[in-house]
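> If you scroll down you'll find the structure; I have some questions about it.
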Amino acid sequence: MPHSDRKINQLKLTNEDTLGPYYPISLCDNDNMNMIKIHSGIVHKATGEKIIIKGCIKDKNGSLAHGCLLEFWQANEHGIYRSPDEENNDKIDPWFTGYARHRTMDGNFKLTTIKPGVNNDLDMPRAPNITLTIFSDGIMRLVTQLFFDGEESNETDPLLLSIPKEMRKRLLLKAMTRADDGTTIYNIEINMSGENETPFFDDLLS
Amino acid sequence: MTKYGRTLQIGPTDLTSEKRTPRHPLHLIPEAARASFVPYAPYDFSVLGSEADMTRLTPGRPQADGDYIKITGKITDQYGRPIKNSMIEVWNANKYGRYTHIEDFSGLQLDPNFLGTGRMISDDDGNYEFWTVRPGQYLALPDISRWRPKHIHFSIRGGSSRLITQMYFKNDPHNDRDPMRILMGDNFEQNIGKQYDIEGDEFDCGYKFDIVIGGRNPTFFENDLT
Ligand SMILES: [Fe+3]
């Protein structure tokens with residue numbers, strides 16, 4: 001069937017819309033910004049290097065963007081995503097989903113997770129990265145990916161290479177400090193608009 | 001080497017949109033990175049049946065003020081295949097246009113019998129149903145007297161499906177000035193609940209709101225599932 005015919009037979013999509021300012025906070029009560037522990041009070045946890053990411057979302061004026069719903073998605077320590085295609089992969093970590101979400105009241109967030117690995121079985125291996133989705137009032141969904149500063153694989157990552165060089169640093173998580181237990185704490189500032197605007201990606205046309 | 005996609009539009013008269021919309025064109029995602037942009041939410045949802053009844057706080061409690069309406073619909077991908085077992089979260093203002101949200105500073109009347117949020121899971125055919133009160137309109141920007149039309153917020157999540165949207169009501173006088181509705185253009189029709197009659201006096205009426213998720217809100221992992 002020609003492509004154009006197929007299109008005609010498709011149903012019209014429901015429009016996405018803005019989140020608005022009043023996404024119910026209680027709906028996030030059971031969500032978890034600690035990807036290492038998917039259940040509380042259980043011995044099992046994700047394997048890999050524990051890291052903490054502290055970040056903030058800012059608007060065009062440099063003010064914190066309050067009331068955003070943030071969603072995170074990443075591969076495990078072997079660079080494998082927990083998608084149905086991979087359920088039989090023996091490198092799947094049963095105690096790691098790679099998915100977290102959070103409604104930030106003031107625009108700041110803190111994610112505890114493991115550092116994603118590199119899947120060298122791929123033709124074009126990806127540098128370790130974390131996908132960030134932002135929903136908020138006034139916008140439709142925004143998506144980007146965050147990378148780790150200084151990582152050798154950044155030099156060959158197909159996504160980083162696809163954007164202008166001067167913009168790449170805006171996607172880099174920077175190791176700033178260590179927690180008491182030695183965990184590396186990374187920092188990132190996301191600018192939705194304005195100077196140093198974070199590069200966002202078009203997942204509609206891509 | 002750099003390829004650009006859409007430049008996002010700012011919702012007219014929407015100050016938050018003006019502050020939060022990126023100005024730079026979006027970057028196209030190279031094929032090798034495409035799949036990594038699709039989060040797969042684990043299906044570990046559980047809800048109580050009573051969470052679909054937003055007309056009262058809990059079973060047996062008195063009902064909230066306002067007209068009771070039933071919203072029903074089917075969630076599919078663009079080929080009409082049902083999206084099952086997805087988590088549907090809904091929230092709306094009370095009869096007086098007030099949200100129970102702690103950050104709603106409008107001062108409009110609260111209703112002690114209205115929680116304002118509900119949840120349900122789509123069934124094997126993608127169907128969902130919930131009951132709520134017809135929301136009031138509210139003044140979003142008093143200084144330019146811009147009202148938000150009556151609407152119900154939806155969030156749908158499960159597997160690789162993801163959509164945040166709103167259902168609107170036909171002939172609401174504030175529809176035409178709504179910033180996000182203006183951005184939808186002619187396709188706004190898809191976001192209007194289709195009114196239908198319900199026998200008896202339990203409900204004022206019903207609205208059918210079928211939801212089609214596709215395009216950038218992909219469901220492609222599920223395409224292989226039966
Ligand atoms: Fe609203």
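Here, A, B, ... name the chains of the structure tokens in the order displayed, residue numbers run from 1 inside each chain, and ligands are numbered from 1 in the same displayed order.
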For chain A, work out the contacting residues on chain B at 7 Å, counting only C-alpha atoms, and write them as a ChimeraX atom specification.

/B:1-2,5-6,14,16-17,19-23,26-30,32-33,37,39-41,78-80,101,117,163-166,180,184,190-191,211-216

> Using DSSP on the backbone coordinates, identify the residues of range 66-193 of chain A assigned to helix (DSSP H, G or I); present them as a list in words.

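Across range 66-193 of chain A, those assigned helix (DSSP H, G or I) are Pro84, Asp85, Glu86, Glu152, Ser153, Asn154, Glu155, Thr156, Pro158, Leu159, Leu160, Leu161, Lys165, Glu166, Met167, Arg168, Lys169, Arg170 and Leu171 of chain A.
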
> Write out as a list in words the residues lying within 7 Å of Thr13 in chain B, counting only C-alpha atoms and excluding same-chain residues fewer than 2 positions away.

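Final neighbour list, sorted by chain and number: Gly11, Leu15 and Pro179 of chain B.
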
> Extract the full set of strand (DSSP E) residues from range 82-121 of chain A according to DSSP on the backbone, and format it as a PyMOL selection string.

chain A and resi 99-104+108-114

> For ligand 1, collect every residue having any atom at a distance of at most 7 Å from a ligand atom (counting only C-alpha atoms and all ligand atoms); output as a PyMOL selection string.

(chain A and resi 20+22) or (chain B and resi 92-93+151-153)

> For those residues, write N, CA and C atoms to a file as a PDB file, in the first residue's frame.


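Resulting contents of selection_34.pdb:
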ATOM      1  N   GLY A  20      -0.798  22.247  32.632  1.00  0.00           N
ATOM      2  CA  GLY A  20      -1.453  23.174  33.546  1.00  0.00           C
ATOM      3  C   GLY A  20      -0.705  23.224  34.869  1.00  0.00           C
ATOM      4  N   TYR A  22      -1.834  22.591  37.873  1.00  0.00           N
ATOM      5  CA  TYR A  22      -2.444  21.881  39.007  1.00  0.00           C
ATOM      6  C   TYR A  22      -2.389  20.368  38.906  1.00  0.00           C
TER       7      TYR A  22
ATOM      8  N   ASN B  92      -9.871  17.739  37.664  1.00  0.00           N
ATOM      9  CA  ASN B  92     -10.625  18.900  37.196  1.00  0.00           C
ATOM     10  C   ASN B  92     -11.035  19.800  38.357  1.00  0.00           C
ATOM     11  N   ALA B  93     -11.380  21.044  38.008  1.00  0.00           N
ATOM     12  CA  ALA B  93     -11.837  22.023  38.995  1.00  0.00           C
ATOM     13  C   ALA B  93     -13.226  21.618  39.478  1.00  0.00           C
ATOM     14  N   HIS B 151     -12.888  22.312  31.346  1.00  0.00           N
ATOM     15  CA  HIS B 151     -12.005  21.278  30.804  1.00  0.00           C
ATOM     16  C   HIS B 151     -11.677  20.268  31.882  1.00  0.00           C
ATOM     17  N   ILE B 152     -11.315  19.087  31.444  1.00  0.00           N
ATOM     18  CA  ILE B 152     -10.853  18.030  32.351  1.00  0.00           C
ATOM     19  C   ILE B 152      -9.470  17.605  31.878  1.00  0.00           C
ATOM     20  N   HIS B 153      -8.514  17.549  32.816  1.00  0.00           N
ATOM     21  CA  HIS B 153      -7.142  17.157  32.477  1.00  0.00           C
ATOM     22  C   HIS B 153      -7.001  15.635  32.476  1.00  0.00           C
TER      23      HIS B 153
END

> Would you mind listing what lies within 10 Å of Trp131 in chain B as a list of chain:residue names, with only C-alpha atoms counted and same-chain residues fewer than 4 positions away left out?

B:Ser50, B:Glu51, B:Ala52, B:Asp53, B:Met54, B:Thr55, B:Arg56, B:Tyr68, B:Ile69, B:Lys70, B:Ile71, B:Thr72, B:Gly118, B:Phe203, B:Gly206

> Generate the output file for the selected residues, N, CA and C atoms, as a PDB file, in the first residue's frame.


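Okay, this is what ended up in again_31.pdb:
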ATOM      1  N   SER B  50     -13.148   2.609  43.366  1.00  0.00           N
ATOM      2  CA  SER B  50     -13.818   3.841  43.802  1.00  0.00           C
ATOM      3  C   SER B  50     -13.076   5.099  43.375  1.00  0.00           C
ATOM      4  N   GLU B  51     -11.825   4.957  42.922  1.00  0.00           N
ATOM      5  CA  GLU B  51     -11.091   6.149  42.482  1.00  0.00           C
ATOM      6  C   GLU B  51     -11.644   6.716  41.180  1.00  0.00           C
ATOM      7  N   ALA B  52     -12.504   5.936  40.498  1.00  0.00           N
ATOM      8  CA  ALA B  52     -13.126   6.434  39.269  1.00  0.00           C
ATOM      9  C   ALA B  52     -14.375   7.255  39.559  1.00  0.00           C
ATOM     10  N   ASP B  53     -14.821   7.266  40.818  1.00  0.00           N
ATOM     11  CA  ASP B  53     -15.992   8.081  41.185  1.00  0.00           C
ATOM     12  C   ASP B  53     -15.528   9.356  41.872  1.00  0.00           C
ATOM     13  N   MET B  54     -15.415  10.430  41.072  1.00  0.00           N
ATOM     14  CA  MET B  54     -14.945  11.703  41.627  1.00  0.00           C
ATOM     15  C   MET B  54     -16.083  12.530  42.203  1.00  0.00           C
ATOM     16  N   THR B  55     -17.309  11.996  42.148  1.00  0.00           N
ATOM     17  CA  THR B  55     -18.421  12.790  42.678  1.00  0.00           C
ATOM     18  C   THR B  55     -18.473  12.734  44.202  1.00  0.00           C
ATOM     19  N   ARG B  56     -17.736  11.808  44.804  1.00  0.00           N
ATOM     20  CA  ARG B  56     -17.679  11.733  46.269  1.00  0.00           C
ATOM     21  C   ARG B  56     -16.281  11.342  46.711  1.00  0.00           C
ATOM     22  N   TYR B  68     -23.582  15.908  37.853  1.00  0.00           N
ATOM     23  CA  TYR B  68     -22.752  14.707  37.737  1.00  0.00           C
ATOM     24  C   TYR B  68     -22.705  14.259  36.290  1.00  0.00           C
ATOM     25  N   ILE B  69     -21.505  14.022  35.814  1.00  0.00           N
ATOM     26  CA  ILE B  69     -21.335  13.597  34.425  1.00  0.00           C
ATOM     27  C   ILE B  69     -20.482  12.327  34.385  1.00  0.00           C
ATOM     28  N   LYS B  70     -20.764  11.527  33.361  1.00  0.00           N
ATOM     29  CA  LYS B  70     -20.014  10.289  33.174  1.00  0.00           C
ATOM     30  C   LYS B  70     -19.160  10.460  31.927  1.00  0.00           C
ATOM     31  N   ILE B  71     -17.864  10.179  32.043  1.00  0.00           N
ATOM     32  CA  ILE B  71     -16.986  10.283  30.882  1.00  0.00           C
ATOM     33  C   ILE B  71     -16.570   8.861  30.496  1.00  0.00           C
ATOM     34  N   THR B  72     -16.790   8.523  29.242  1.00  0.00           N
ATOM     35  CA  THR B  72     -16.410   7.188  28.772  1.00  0.00           C
ATOM     36  C   THR B  72     -15.612   7.334  27.484  1.00  0.00           C
ATOM     37  N   GLY B 118      -8.914  11.601  40.018  1.00  0.00           N
ATOM     38  CA  GLY B 118      -9.354  10.219  39.911  1.00  0.00           C
ATOM     39  C   GLY B 118      -8.348   9.424  39.099  1.00  0.00           C
ATOM     40  N   PHE B 203     -27.180  10.855  36.459  1.00  0.00           N
ATOM     41  CA  PHE B 203     -26.235  11.722  35.752  1.00  0.00           C
ATOM     42  C   PHE B 203     -26.970  12.783  34.951  1.00  0.00           C
ATOM     43  N   GLY B 206     -23.756  12.130  29.658  1.00  0.00           N
ATOM     44  CA  GLY B 206     -22.453  11.498  29.494  1.00  0.00           C
ATOM     45  C   GLY B 206     -21.665  12.202  28.400  1.00  0.00           C
TER      46      GLY B 206
END

> I'd like the interatomic distance between CA of Asp67 in chain B and CA of Ile192 in chain B, to a tenth of an Å.

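That distance, rounded to one decimal, is 18.1 Å.
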
> Between CA of Val38 in chain B and CA of Ile83 in chain B, what is the spacing in Å?

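Value for the CA of Ile83 in chain B-CA of Val38 in chain B distance: 16.0 Å.
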
> Using only C-alpha atoms, find the one residue out of A:Thr104, A:Thr113, A:Asn154, A:Asn120 that sits nearest to Ile134 in chain A.

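Closest to Ile134 in chain A of all the choices is A:Thr104.
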
> Could you give me, as JSON, numbers by chain, the residues within 8 Å of Asp93 in chain A, counting only C-alpha atoms and dropping anything in the same chain fewer than 2 positions from it?

{"A": [46, 47, 76, 91, 95, 96, 97]}

> One decimal, in Å: what's the spacing between CA of Lys194 in chain B and CA of Asp210 in chain B?

9.1 Å
